[in-house]
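Undergrad: You'll find model_0.txt just under this line, and it carries compact mmCIF, C-alpha atoms.
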```txt
# COMPACT_ATOMS: atom_id res chain seq x y z
CA MET A 1 308.72 -0.23 -39.44
CA ASP A 2 305.47 -1.21 -41.15
CA LEU A 3 306.25 -1.98 -44.80
CA LYS A 4 302.61 -1.44 -45.78
CA ILE A 5 302.66 2.12 -44.44
CA GLU A 6 305.95 2.83 -46.23
CA ALA A 7 304.60 1.37 -49.47
CA LYS A 8 301.46 3.50 -49.22
CA GLN A 9 303.46 6.69 -48.69
CA THR A 10 305.70 5.91 -51.67
CA VAL A 11 302.71 5.21 -53.93
CA ILE A 12 301.01 8.46 -52.86
CA LEU A 13 304.18 10.37 -53.76
CA ALA A 14 304.59 8.42 -57.02
CA LEU A 15 301.07 8.86 -58.46
CA PRO A 16 301.44 12.55 -59.48
CA ILE A 17 304.85 11.75 -61.00
CA ILE A 18 303.32 8.88 -62.99
CA PHE A 19 300.40 10.99 -64.25
CA GLY A 20 302.84 13.73 -65.25
CA GLU A 21 304.96 11.25 -67.21
CA LEU A 22 301.89 9.81 -68.93
CA ALA A 23 300.77 13.34 -69.86
CA GLN A 24 304.10 13.96 -71.59
CA MET A 25 303.78 10.65 -73.43
CA ALA A 26 300.24 11.60 -74.49
CA LEU A 27 301.60 14.90 -75.81
CA HIS A 28 303.80 13.06 -78.32
CA LEU A 29 300.93 10.74 -79.28
CA LEU A 30 298.64 13.71 -79.96
CA ASP A 31 301.31 15.43 -82.05
CA THR A 32 301.80 12.22 -84.03
CA ALA A 33 298.07 11.76 -84.61
CA MET A 34 297.53 15.37 -85.73
CA ILE A 35 300.53 15.26 -88.10
CA GLY A 36 299.41 11.88 -89.41
CA ALA A 37 296.13 13.44 -90.48
CA ILE A 38 298.12 15.57 -92.99
CA SER A 39 300.12 12.81 -94.70
CA HIS A 40 302.03 9.63 -94.01
CA VAL A 41 305.23 11.23 -95.35
CA GLN A 42 305.08 14.03 -92.77
CA LEU A 43 304.27 11.45 -90.10
CA ALA A 44 307.37 9.46 -91.08
CA ALA A 45 309.49 12.63 -90.93
CA ALA A 46 308.17 13.54 -87.48
CA SER A 47 308.73 9.98 -86.20
CA LEU A 48 312.30 10.04 -87.51
CA VAL A 49 313.04 13.27 -85.63
CA LEU A 50 311.47 11.99 -82.40
CA ASN A 51 313.69 8.90 -82.60
CA VAL A 52 316.80 11.06 -83.18
CA LEU A 53 315.86 13.25 -80.19
CA GLY A 54 315.09 10.31 -77.92
CA ILE A 55 318.52 9.44 -76.52
CA PRO A 56 319.82 13.06 -76.09
CA PHE A 57 316.54 13.91 -74.36
CA VAL A 58 316.73 11.07 -71.83
CA LEU A 59 320.39 11.90 -71.18
CA GLY A 60 319.25 15.42 -70.30
CA ILE A 61 316.51 14.08 -68.02
CA GLY A 62 319.10 11.94 -66.25
CA MET A 63 321.10 15.09 -65.53
CA THR A 64 318.08 16.74 -63.90
CA MET A 65 317.63 13.78 -61.52
CA SER A 66 320.61 14.93 -59.47
CA ILE A 67 318.55 17.92 -58.29
CA ALA A 68 315.83 15.75 -56.72
CA GLN A 69 318.41 13.57 -54.96
CA THR A 70 320.47 16.40 -53.45
CA VAL A 71 317.47 18.56 -52.56
CA SER A 72 315.71 15.65 -50.84
CA MET A 73 318.85 14.78 -48.89
CA ALA A 74 319.28 18.41 -47.77
CA GLN A 75 315.61 18.58 -46.75
CA GLY A 76 316.14 15.44 -44.66
CA GLN A 77 318.87 17.39 -42.86
CA ASN A 78 316.45 20.33 -42.38
CA ASP A 79 318.95 22.56 -44.18
CA ASN A 80 316.87 25.10 -46.16
CA LYS A 81 319.99 27.01 -47.20
CA LYS A 82 321.51 23.93 -48.79
CA VAL A 83 318.22 23.18 -50.57
CA SER A 84 318.26 26.68 -52.06
CA HIS A 85 321.92 26.30 -53.04
CA TYR A 86 321.26 22.99 -54.82
CA LEU A 87 318.31 24.56 -56.65
CA PHE A 88 320.43 27.40 -58.02
CA ASN A 89 323.42 25.33 -59.08
CA GLY A 90 321.31 22.43 -60.33
CA PHE A 91 319.15 24.70 -62.45
CA TRP A 92 322.10 26.38 -64.12
CA MET A 93 323.91 23.08 -64.63
CA CYS A 94 320.82 21.77 -66.46
CA ALA A 95 320.55 25.04 -68.39
CA ILE A 96 324.10 24.65 -69.68
CA PHE A 97 323.55 21.03 -70.65
CA SER A 98 320.21 21.75 -72.32
CA VAL A 99 321.79 24.45 -74.49
CA LEU A 100 324.72 22.18 -75.40
CA ILE A 101 322.36 19.33 -76.32
CA ALA A 102 320.09 21.62 -78.37
CA LEU A 103 323.00 23.27 -80.21
CA SER A 104 324.60 19.90 -80.98
CA LEU A 105 321.36 18.64 -82.51
CA TYR A 106 320.71 21.92 -84.34
CA LEU A 107 324.21 22.14 -85.84
CA GLY A 108 324.32 18.42 -86.62
CA LYS A 109 320.89 18.33 -88.28
CA ASN A 110 322.28 17.30 -91.68
CA VAL A 111 323.14 13.86 -90.28
CA ILE A 112 319.53 12.99 -91.11
CA LEU A 113 320.51 13.11 -94.80
CA HIS A 114 322.92 10.22 -94.20
CA LEU A 115 320.63 7.78 -92.38
CA GLY A 116 319.41 6.07 -95.53
CA GLN A 117 315.92 7.53 -95.23
CA ASP A 118 313.56 8.45 -98.04
CA PRO A 119 314.83 11.78 -99.53
CA GLU A 120 311.46 13.52 -99.08
CA VAL A 121 311.21 12.33 -95.46
CA ALA A 122 314.74 13.57 -94.74
CA ARG A 123 314.05 16.95 -96.37
CA LEU A 124 310.95 17.51 -94.23
CA ALA A 125 312.68 16.25 -91.09
CA ILE A 126 315.51 18.83 -91.03
CA PRO A 127 313.47 22.01 -90.30
CA PHE A 128 311.30 19.99 -87.89
CA LEU A 129 314.46 18.88 -86.05
CA GLU A 130 315.69 22.50 -85.81
CA VAL A 131 312.62 23.69 -83.91
CA MET A 132 312.25 20.52 -81.84
CA SER A 133 315.90 20.80 -80.79
CA LEU A 134 315.26 24.31 -79.46
CA SER A 135 312.18 23.06 -77.60
CA LEU A 136 314.43 20.75 -75.56
CA ILE A 137 315.79 23.81 -73.70
CA PRO A 138 312.52 24.88 -72.00
CA MET A 139 311.53 21.24 -71.51
CA LEU A 140 314.74 20.32 -69.66
CA LEU A 141 314.53 23.54 -67.63
CA PHE A 142 310.97 22.57 -66.69
CA MET A 143 312.27 19.12 -65.71
CA ALA A 144 314.98 20.74 -63.57
CA LEU A 145 312.37 22.73 -61.63
CA LYS A 146 310.12 19.66 -61.50
CA GLN A 147 312.93 17.64 -59.92
CA PHE A 148 313.29 20.41 -57.32
CA THR A 149 309.59 20.34 -56.39
CA ASP A 150 309.52 16.52 -56.56
CA GLY A 151 312.58 16.35 -54.32
CA LEU A 152 310.66 18.35 -51.71
CA GLN A 153 307.78 15.85 -52.18
CA HIS A 154 305.48 18.48 -53.73
CA THR A 155 304.77 16.41 -56.83
CA ARG A 156 301.29 17.68 -57.72
CA THR A 157 302.35 21.08 -59.07
CA ALA A 158 304.34 19.72 -62.01
CA MET A 159 301.66 17.06 -62.62
CA VAL A 160 298.94 19.70 -62.99
CA LEU A 161 301.04 21.71 -65.44
CA SER A 162 301.88 18.57 -67.44
CA ILE A 163 298.18 17.70 -67.74
CA LEU A 164 297.27 21.31 -68.63
CA SER A 165 299.86 21.22 -71.40
CA LEU A 166 297.72 18.67 -73.31
CA PRO A 167 294.74 20.92 -74.22
CA ILE A 168 297.09 23.88 -74.73
CA ASN A 169 299.23 21.92 -77.17
CA VAL A 170 296.23 20.51 -79.02
CA PHE A 171 294.74 24.01 -79.42
CA ILE A 172 298.00 25.51 -80.71
CA ASN A 173 298.42 22.55 -83.06
CA TRP A 174 294.86 23.06 -84.32
CA LEU A 175 295.71 26.67 -85.12
CA LEU A 176 299.12 26.15 -86.68
CA ILE A 177 298.99 22.70 -88.29
CA TYR A 178 295.69 23.23 -90.08
CA GLY A 179 295.69 27.04 -90.39
CA ASN A 180 292.50 27.73 -88.41
CA TRP A 181 291.29 31.19 -87.29
CA GLY A 182 293.36 32.94 -89.92
CA PHE A 183 296.70 31.44 -88.82
CA PRO A 184 299.07 30.20 -91.56
CA ARG A 185 298.75 26.50 -92.42
CA MET A 186 302.16 25.22 -91.32
CA GLU A 187 301.36 21.48 -91.27
CA MET A 188 304.07 19.48 -89.42
CA MET A 189 306.06 22.63 -88.63
CA GLY A 190 302.98 23.87 -86.78
CA ALA A 191 303.34 20.91 -84.42
CA ALA A 192 307.00 21.79 -83.85
CA TYR A 193 306.19 25.38 -82.95
CA GLY A 194 303.25 24.19 -80.87
CA THR A 195 305.60 21.99 -78.85
CA LEU A 196 308.09 24.85 -78.40
CA ILE A 197 305.36 27.24 -77.22
CA THR A 198 303.76 24.69 -74.87
CA ARG A 199 307.06 23.67 -73.31
CA SER A 200 308.04 27.30 -72.83
CA PHE A 201 304.69 28.01 -71.17
CA ILE A 202 304.91 25.19 -68.62
CA PHE A 203 308.53 26.11 -67.81
CA VAL A 204 307.66 29.75 -67.14
CA ALA A 205 304.55 28.74 -65.16
CA LEU A 206 306.48 26.35 -62.91
CA GLY A 207 309.22 28.95 -62.51
CA LEU A 208 306.69 31.51 -61.25
CA VAL A 209 305.25 28.95 -58.83
CA VAL A 210 308.70 28.17 -57.40
CA LEU A 211 309.59 31.86 -57.07
CA ARG A 212 306.30 33.09 -55.63
CA HIS A 213 304.38 30.29 -53.91
CA LYS A 214 304.46 30.17 -50.12
CA LEU A 215 305.48 26.50 -50.18
CA PHE A 216 308.89 27.45 -51.55
CA ARG A 217 309.25 30.91 -49.98
CA LYS A 218 311.73 29.78 -47.31
CA TYR A 219 314.11 28.49 -49.98
CA ILE A 220 313.85 31.63 -52.12
CA ALA A 221 314.21 33.93 -49.09
CA VAL A 222 317.84 32.87 -48.56
CA ARG A 223 318.84 33.38 -52.21
CA LYS A 224 321.13 36.36 -51.48
CA ASN A 225 323.51 34.13 -49.54
CA GLN A 226 322.95 30.79 -51.33
CA TRP A 227 322.56 31.63 -55.02
CA TYR A 228 326.18 31.56 -56.10
CA PHE A 229 328.08 29.22 -58.37
CA SER A 230 330.11 26.53 -56.64
CA ALA A 231 332.52 24.21 -58.42
CA ALA A 232 332.20 21.71 -55.57
CA THR A 233 328.40 21.69 -55.84
CA PHE A 234 328.57 21.30 -59.63
CA LYS A 235 330.91 18.35 -59.13
CA GLU A 236 328.54 16.79 -56.59
CA LEU A 237 325.58 17.17 -58.94
CA LEU A 238 327.54 15.81 -61.89
CA LYS A 239 328.58 12.72 -59.89
CA ILE A 240 324.90 11.81 -59.70
CA GLY A 241 323.62 13.37 -62.94
CA VAL A 242 326.12 11.94 -65.44
CA PRO A 243 325.77 8.27 -64.35
CA SER A 244 321.97 8.69 -64.07
CA GLY A 245 321.85 10.07 -67.61
CA LEU A 246 324.05 7.24 -68.87
CA GLN A 247 321.86 4.64 -67.17
CA ILE A 248 318.69 5.91 -68.83
CA GLY A 249 320.48 6.54 -72.12
CA MET A 250 321.92 3.02 -72.27
CA GLU A 251 318.51 1.49 -71.64
CA ALA A 252 316.76 3.69 -74.21
CA GLY A 253 319.60 3.12 -76.68
CA ALA A 254 319.33 -0.65 -76.27
CA PHE A 255 315.65 -0.60 -77.24
CA VAL A 256 316.35 1.74 -80.19
CA VAL A 257 319.11 -0.55 -81.50
CA SER A 258 316.92 -3.61 -80.99
CA GLY A 259 314.17 -1.93 -83.01
CA ILE A 260 316.62 -1.26 -85.84
CA ILE A 261 317.76 -4.90 -85.78
CA ILE A 262 314.17 -6.15 -85.89
CA GLY A 263 313.53 -3.78 -88.81
CA THR A 264 316.06 -5.77 -90.84
CA ILE A 265 314.05 -8.96 -90.28
CA GLY A 266 310.81 -7.77 -91.86
CA VAL A 267 307.96 -5.26 -91.92
CA VAL A 268 305.57 -7.55 -90.01
CA GLU A 269 308.12 -8.07 -87.25
CA GLN A 270 308.83 -4.34 -87.05
CA ALA A 271 305.14 -3.49 -86.76
CA ALA A 272 304.54 -6.17 -84.12
CA HIS A 273 307.61 -5.03 -82.20
CA GLN A 274 306.40 -1.43 -82.17
CA ILE A 275 302.97 -2.47 -80.89
CA ALA A 276 304.29 -4.60 -78.03
CA LEU A 277 307.03 -2.11 -77.15
CA SER A 278 304.54 0.79 -77.03
CA CYS A 279 302.45 -1.08 -74.48
CA ALA A 280 305.51 -2.12 -72.47
CA ALA A 281 306.71 1.52 -72.47
CA PHE A 282 303.30 2.60 -71.18
CA THR A 283 303.38 0.17 -68.23
CA PHE A 284 307.00 1.15 -67.54
CA MET A 285 305.92 4.75 -66.80
CA ALA A 286 304.42 3.56 -63.51
CA SER A 287 307.65 1.75 -62.64
CA MET A 288 309.65 4.89 -63.38
CA GLY A 289 307.35 7.02 -61.23
CA LEU A 290 307.57 4.51 -58.40
CA ALA A 291 311.36 4.40 -58.76
CA GLN A 292 311.60 8.19 -58.62
CA ALA A 293 309.36 8.36 -55.53
CA GLY A 294 311.32 5.63 -53.79
CA SER A 295 314.57 7.36 -54.69
CA ILE A 296 313.37 10.69 -53.27
CA ARG A 297 312.18 9.12 -50.01
CA VAL A 298 315.42 7.15 -49.62
CA SER A 299 317.46 10.32 -50.27
CA ASN A 300 315.49 12.11 -47.57
CA ALA A 301 316.17 9.30 -45.08
CA PHE A 302 319.81 9.16 -46.20
CA GLY A 303 320.15 12.84 -45.26
CA THR A 304 319.27 11.96 -41.66
CA LYS A 305 321.33 8.71 -41.73
CA ASN A 306 318.17 6.78 -40.84
CA PHE A 307 319.30 3.46 -42.32
CA LYS A 308 316.45 1.50 -40.77
CA LYS A 309 314.00 3.70 -42.67
CA ILE A 310 316.07 3.41 -45.85
CA THR A 311 315.79 -0.38 -45.68
CA ALA A 312 312.05 -0.24 -44.94
CA ILE A 313 311.38 2.14 -47.86
CA GLY A 314 313.53 0.03 -50.18
CA LYS A 315 311.92 -3.31 -49.31
CA SER A 316 308.37 -1.92 -49.43
CA THR A 317 308.99 -0.28 -52.81
CA LEU A 318 310.47 -3.48 -54.21
CA TRP A 319 307.45 -5.49 -53.01
CA THR A 320 305.15 -2.92 -54.61
CA ALA A 321 307.09 -3.16 -57.87
CA LEU A 322 306.89 -6.96 -57.74
CA ALA A 323 303.11 -6.85 -57.30
CA TYR A 324 302.76 -4.30 -60.10
CA GLY A 325 304.96 -6.36 -62.43
CA ILE A 326 302.86 -9.49 -61.81
CA PHE A 327 299.67 -7.52 -62.50
CA CYS A 328 301.04 -6.18 -65.81
CA ALA A 329 302.27 -9.65 -66.78
CA LEU A 330 298.80 -11.11 -66.26
CA ILE A 331 297.23 -8.32 -68.35
CA PHE A 332 299.66 -8.93 -71.21
CA VAL A 333 299.07 -12.70 -71.20
CA VAL A 334 295.28 -12.58 -70.88
CA PHE A 335 294.84 -9.84 -73.51
CA ARG A 336 297.73 -10.82 -75.80
CA ASN A 337 295.37 -11.34 -78.74
CA ASP A 338 293.24 -8.26 -78.05
CA LEU A 339 295.78 -5.52 -77.36
CA PRO A 340 297.35 -5.67 -80.87
CA LEU A 341 293.91 -4.97 -82.38
CA LEU A 342 294.09 -1.44 -80.91
CA PHE A 343 296.93 -0.74 -83.36
CA ASN A 344 296.52 -2.99 -86.40
CA HIS A 345 294.23 -5.63 -87.92
CA LYS A 346 296.65 -7.49 -90.21
CA ALA A 347 296.57 -11.19 -89.22
CA GLU A 348 300.34 -11.73 -89.46
CA VAL A 349 301.06 -8.67 -87.32
CA ILE A 350 298.50 -9.72 -84.69
CA ALA A 351 299.99 -13.22 -84.48
CA MET A 352 303.55 -11.96 -84.06
CA ALA A 353 302.53 -9.24 -81.59
CA SER A 354 300.65 -11.82 -79.54
CA THR A 355 303.87 -13.86 -79.18
CA LEU A 356 305.84 -10.76 -78.22
CA PHE A 357 303.25 -9.84 -75.58
CA VAL A 358 303.87 -13.19 -73.87
CA LEU A 359 307.59 -12.44 -73.80
CA ALA A 360 306.88 -8.91 -72.61
CA ALA A 361 304.82 -10.40 -69.77
CA ILE A 362 307.86 -12.41 -68.63
CA PHE A 363 310.06 -9.34 -68.23
CA GLN A 364 307.41 -7.08 -66.66
CA ILE A 365 308.53 -8.14 -63.18
CA SER A 366 312.26 -7.72 -63.82
CA ASP A 367 311.66 -4.45 -65.71
CA ALA A 368 309.78 -2.99 -62.73
CA THR A 369 312.19 -4.21 -60.07
CA GLN A 370 315.35 -3.16 -61.95
CA ALA A 371 313.97 0.37 -62.28
CA ILE A 372 313.29 0.43 -58.54
CA GLY A 373 316.71 -0.99 -57.72
CA SER A 374 318.43 1.68 -59.79
CA GLY A 375 316.34 4.44 -58.20
CA LEU A 376 316.97 3.24 -54.65
CA LEU A 377 320.71 3.07 -55.24
CA ARG A 378 320.62 6.60 -56.67
CA GLY A 379 318.89 7.65 -53.46
CA ILE A 380 321.93 6.59 -51.42
CA LYS A 381 324.32 8.16 -53.96
CA ASP A 382 325.48 4.82 -55.37
CA VAL A 383 325.55 5.39 -59.12
CA LYS A 384 328.92 4.27 -60.54
CA VAL A 385 328.63 0.49 -60.05
CA PRO A 386 324.92 0.45 -61.10
CA THR A 387 325.93 2.20 -64.34
CA VAL A 388 328.44 -0.58 -65.07
CA LEU A 389 325.84 -3.24 -64.21
CA ILE A 390 323.30 -1.66 -66.55
CA PHE A 391 325.90 -1.48 -69.33
CA VAL A 392 326.67 -5.18 -68.90
CA ALA A 393 322.97 -6.08 -68.72
CA TYR A 394 322.00 -4.40 -72.00
CA TRP A 395 325.11 -4.12 -74.13
CA VAL A 396 327.17 -7.16 -73.08
CA LEU A 397 324.33 -9.64 -72.46
CA GLY A 398 320.94 -8.47 -73.73
CA ILE A 399 321.60 -7.19 -77.24
CA PRO A 400 324.29 -9.77 -78.21
CA ALA A 401 322.20 -12.64 -76.84
CA GLY A 402 319.12 -11.36 -78.65
CA TYR A 403 321.06 -11.07 -81.90
CA VAL A 404 322.42 -14.61 -81.64
CA LEU A 405 318.98 -16.02 -80.81
CA ALA A 406 317.33 -14.05 -83.60
CA PHE A 407 319.74 -14.93 -86.40
CA ASN A 408 321.94 -17.87 -85.41
CA PHE A 409 319.04 -19.81 -83.89
CA GLN A 410 316.52 -18.45 -86.43
CA LEU A 411 314.08 -17.20 -83.78
CA GLY A 412 313.57 -13.81 -85.44
CA ALA A 413 311.94 -11.00 -83.46
CA PRO A 414 311.12 -13.26 -80.46
CA GLY A 415 314.87 -13.92 -80.18
CA ILE A 416 315.52 -10.20 -79.70
CA TRP A 417 312.86 -10.10 -76.99
CA LEU A 418 314.43 -13.11 -75.26
CA GLY A 419 317.54 -10.94 -75.15
CA PHE A 420 315.46 -8.30 -73.31
CA ILE A 421 314.48 -10.95 -70.76
CA ILE A 422 318.12 -11.96 -70.19
CA GLY A 423 319.35 -8.36 -69.86
CA LEU A 424 316.52 -7.17 -67.62
CA GLY A 425 316.79 -10.28 -65.46
CA PHE A 426 320.50 -9.64 -64.89
CA SER A 427 319.89 -5.95 -64.17
CA SER A 428 317.04 -6.65 -61.76
CA PHE A 429 318.90 -9.30 -59.75
CA PHE A 430 322.16 -7.41 -59.30
CA LEU A 431 320.68 -3.94 -58.72
CA THR A 432 318.17 -5.08 -56.11
CA THR A 433 320.62 -7.35 -54.29
CA ARG A 434 323.23 -4.57 -54.29
CA PHE A 435 320.79 -2.15 -52.67
CA LEU A 436 319.77 -4.66 -49.99
CA LYS A 437 323.39 -5.51 -49.21
CA MET A 438 324.47 -1.85 -49.02
CA ALA A 439 321.48 -0.90 -46.86
CA LYS A 440 322.22 -3.81 -44.51
CA LYS A 441 325.91 -2.92 -44.40
CA GLN A 442 325.28 0.73 -43.54
CA LYS A 443 322.59 -0.20 -41.03
CA ALA A 444 325.12 -2.39 -39.25
```
Could you take the file, read its structure, and then write that structure out as structure tokens?
TA:
Amino acid sequence: MDLKIEAKQTVILALPIIFGELAQMALHLLDTAMIGAISHVQLAAASLVLNVLGIPFVLGIGMTMSIAQTVSMAQGQNDNKKVSHYLFNGFWMCAIFSVLIALSLYLGKNVILHLGQDPEVARLAIPFLEVMSLSLIPMLLFMALKQFTDGLQHTRTAMVLSILSLPINVFINWLLIYGNWGFPRMEMMGAAYGTLITRSFIFVALGLVVLRHKLFRKYIAVRKNQWYFSAATFKELLKIGVPSGLQIGMEAGAFVVSGIIIGTIGVVEQAAHQIALSCAAFTFMASMGLAQAGSIRVSNAFGTKNFKKITAIGKSTLWTALAYGIFCALIFVVFRNDLPLLFNHKAEVIAMASTLFVLAAIFQISDATQAIGSGLLRGIKDVKVPTVLIFVAYWVLGIPAGYVLAFNFQLGAPGIWLGFIIGLGFSSFFLTTRFLKMAKKQKA
């Protein structure tokens, strides 16, 4: 099979996913900017809540990934009834988890008072957390439906809704944060309600598309026989969803913990770390979209037991990720002194951020390829061993090594980032080699 053709098809599928992810990232940036215009205290409170929500949210997203994998596999088998069955059970599984996550955050909101934060920041954060916790429910339900449409390789629908959510959210924020057009001036709480309303809107809109559009009619038409709860199907979805959620959660958690550690070193280091990490997170969105597209296409081929195609898709996606990682690395090195100026102009921060950008450039390749490796393995339902490998990469190697380099060897923030390089390098090597070996084994 022609690897160039396979790579092209994967990129075409990935682009709408990437744009959708970037739109959701932009949504948070817009909220932050509009709240920041009120006061720095409210901005700090909002940032605190977003950090608290981060890991539970990505765990929830990991759960939704099981829908794309099972639906794509069933489509590969040309089994419309099974696709419909996975949609029903996957949606309700995600609904249960989204409610549990939201209730846990809502009922445990007072933990914010015990995080050593400024008292005023903590006081403002609690009501903001209450509303933002509730907004996770429609968002994760939207993601569940998005994974269904993505799994069928109809990725543009969710992308369009994600992009449309930007002007809708900004308009609602403008009304509620600042009290325009006679609406009450709610300040940061206006942003919380704006997020809840926007997320509810895109969930309902995507739900109507799935139920009524002709593209999905054949899956909805068999609902009378296929929309029933099945313990076996729930178990199958959980076998993919739980490890996927843990994989993403462990990675996100590692970066959160590293940020906290760097915060103990100094303010300059923390600011520089946030600048470099924000840019690295932005470039990683493309890797995630590519990984999801590769995973969906591999799942589809896995459904037909076409192992030759699985290998071709895997190799072409890995080569694409390698090329993308090299491109991002060059950008970070060439513009290492310019990119920090988009965020800050303090000389010490610029100098430190410039150093971190060089280190970020080194792990761009491994960051991209490890994301692809994990996605490809998920596509062939191999999730348990990759979860262990990711745990070892971040929590046994990356963070401890970074800590030792930062404090025992007096390298400071760059030491933590060297830990990233070690962890991501380990993850990339073992995840990609595992996929290639398993694909070769099954092909044989």
Undergrad: So how far away is atom CA of A:Leu238 from atom CA of A:Ile96, in Å?
TA: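 These atoms are spaced 12.3 Å apart.
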Undergrad: By how many Å are atom CA of A:Phe19 and atom CA of A:Gln292 apart?
TA: 12.8 Å
Undergrad: Can you tell me how far atom CA of A:Leu359 sits from atom CA of A:Gln410, in Å to one decimal?
TA: 16.6 Å
Undergrad: Name the residues within 12 Å of (304.6, 7.9, -62.6), counting only C-alpha atoms in the file's coordinates, and put them as a PyMOL selection string.
TA: chain A and resi 10-25+150+155-156+158-159+281-294
Undergrad: Could you list, as an mmCIF file with C-alpha atoms, in the coordinates of the input, every residue within 7 Å of A:Ser72, counting only C-alpha atoms and ignoring same-chain residues fewer than 5 positions away?
TA:
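Below is the file part.cif, written as the result:
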```
data_model
loop_
_atom_site.group_PDB
_atom_site.id
_atom_site.type_symbol
_atom_site.label_atom_id
_atom_site.label_comp_id
_atom_site.auth_asym_id
_atom_site.auth_seq_id
_atom_site.Cartn_x
_atom_site.Cartn_y
_atom_site.Cartn_z
ATOM 1 C CA GLY A 151 312.580 16.350 -54.320
ATOM 2 C CA LEU A 152 310.660 18.350 -51.710
ATOM 3 C CA ILE A 296 313.370 10.690 -53.270
ATOM 4 C CA SER A 299 317.460 10.320 -50.270
ATOM 5 C CA ASN A 300 315.490 12.110 -47.570
#
```
Undergrad: Please determine, counting all atoms listed in the file, which residue among A:Ile38, A:Leu145, A:Val268, A:Val52 has the shortest atom-to-atom distance to A:Arg185.
TA: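 When distances to A:Arg185 are compared using all atoms listed in the file, the smallest one comes from A:Ile38.
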Undergrad: Contacts of A:Trp417 at 9 Å or less, counting all atoms listed in the file, minus same-chain residues fewer than 6 places along, as a short mmCIF file (atom, residue, chain, number, x, y, z; two decimals) with C-alpha atoms, in the frame of the given file?
TA:
```
data_model
loop_
_atom_site.label_atom_id
_atom_site.label_comp_id
_atom_site.auth_asym_id
_atom_site.auth_seq_id
_atom_site.Cartn_x
_atom_site.Cartn_y
_atom_site.Cartn_z
CA SER A 258 316.92 -3.61 -80.99
CA HIS A 273 307.61 -5.03 -82.20
CA LEU A 356 305.84 -10.76 -78.22
CA LEU A 359 307.59 -12.44 -73.80
CA ALA A 360 306.88 -8.91 -72.61
CA GLY A 398 320.94 -8.47 -73.73
CA GLY A 402 319.12 -11.36 -78.65
CA ALA A 406 317.33 -14.05 -83.60
#
```
Undergrad: So, counting all atoms listed in the file, which residue among A:Ala393, A:Ala401, A:Ala276, A:Leu211 is closest to A:Val358?
TA: A:Ala276
Undergrad: Give me the residues within 7 Å of stretch 98-105 of chain A as number ranges by chain, counting all atoms listed in the file and dropping any in the same chain fewer than 4 places off.
TA: A: 56, 60, 94, 109, 133-134, 136-137, 140
Undergrad: Take the residues from that selection and write them out as a PDB file, keeping the file's coordinate frame, keeping C-alpha atoms.
TA:
```
ATOM      1  CA  PRO A  56     319.820  13.060 -76.090  1.00  0.00           C
ATOM      2  CA  GLY A  60     319.250  15.420 -70.300  1.00  0.00           C
ATOM      3  CA  CYS A  94     320.820  21.770 -66.460  1.00  0.00           C
ATOM      4  CA  LYS A 109     320.890  18.330 -88.280  1.00  0.00           C
ATOM      5  CA  SER A 133     315.900  20.800 -80.790  1.00  0.00           C
ATOM      6  CA  LEU A 134     315.260  24.310 -79.460  1.00  0.00           C
ATOM      7  CA  LEU A 136     314.430  20.750 -75.560  1.00  0.00           C
ATOM      8  CA  ILE A 137     315.790  23.810 -73.700  1.00  0.00           C
ATOM      9  CA  LEU A 140     314.740  20.320 -69.660  1.00  0.00           C
TER      10      LEU A 140
END
```
Undergrad: With distances taken over all atoms listed in the file, which residue among A:Pro127, A:Gly182, A:Gly194, A:Gly325 lies nearest A:Val49?
TA: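 So, comparing all the options, the nearest one is A:Pro127.
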Undergrad: Find the residues around A:Lys4 up to 10 Å (only C-alpha atoms counted), leave out those fewer than 2 positions away in its own chain, and share them as a PyMOL selection string.
TA: chain A and resi 1-2+6-10+312-313+316-317+319-320
Undergrad: Determine, counting all atoms listed in the file, which protein, DNA and RNA residues have an atom within 12 Å of an atom of A:Ile126; residues of the same chain fewer than 6 positions away are not included. Present the result as a list of chain:residue names.
TA: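 Counting only the stated atoms, we get A:Gln42, A:Ala45, A:Ala46, A:Leu48, A:Val49, A:Leu50, A:Val52, A:Leu105, A:Tyr106, A:Leu107, A:Gly108, A:Lys109, A:Asn110, A:Val111, A:Ile112, A:Leu113, A:His114, A:Pro119, A:Glu120, A:Met132, A:Ser133, A:Met188, A:Met189, A:Ala192.
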Undergrad: Got a sec to write stretch 305-310 of chain A of the block to a file, N, CA and C atoms, as an mmCIF file, in the first residue's frame?
TA:
```cif
data_model
loop_
_atom_site.group_PDB
_atom_site.id
_atom_site.type_symbol
_atom_site.label_atom_id
_atom_site.label_comp_id
_atom_site.auth_asym_id
_atom_site.auth_seq_id
_atom_site.Cartn_x
_atom_site.Cartn_y
_atom_site.Cartn_z
ATOM 1 N N LYS A 305 -10.217 -6.990 9.930
ATOM 2 C CA LYS A 305 -9.017 -7.831 10.078
ATOM 3 C C LYS A 305 -8.025 -7.625 8.930
ATOM 4 N N ASN A 306 -7.995 -6.389 8.418
ATOM 5 C CA ASN A 306 -7.081 -6.058 7.320
ATOM 6 C C ASN A 306 -5.764 -5.565 7.934
ATOM 7 N N PHE A 307 -4.923 -6.502 8.334
ATOM 8 C CA PHE A 307 -3.704 -6.163 9.071
ATOM 9 C C PHE A 307 -2.653 -5.479 8.201
ATOM 10 N N LYS A 308 -2.695 -5.734 6.907
ATOM 11 C CA LYS A 308 -1.792 -5.039 5.989
ATOM 12 C C LYS A 308 -2.115 -3.549 5.973
ATOM 13 N N LYS A 309 -3.402 -3.238 5.971
ATOM 14 C CA LYS A 309 -3.822 -1.831 5.979
ATOM 15 C C LYS A 309 -3.524 -1.183 7.329
ATOM 16 N N ILE A 310 -3.706 -1.942 8.407
ATOM 17 C CA ILE A 310 -3.388 -1.432 9.744
ATOM 18 C C ILE A 310 -1.922 -0.997 9.803
#
```
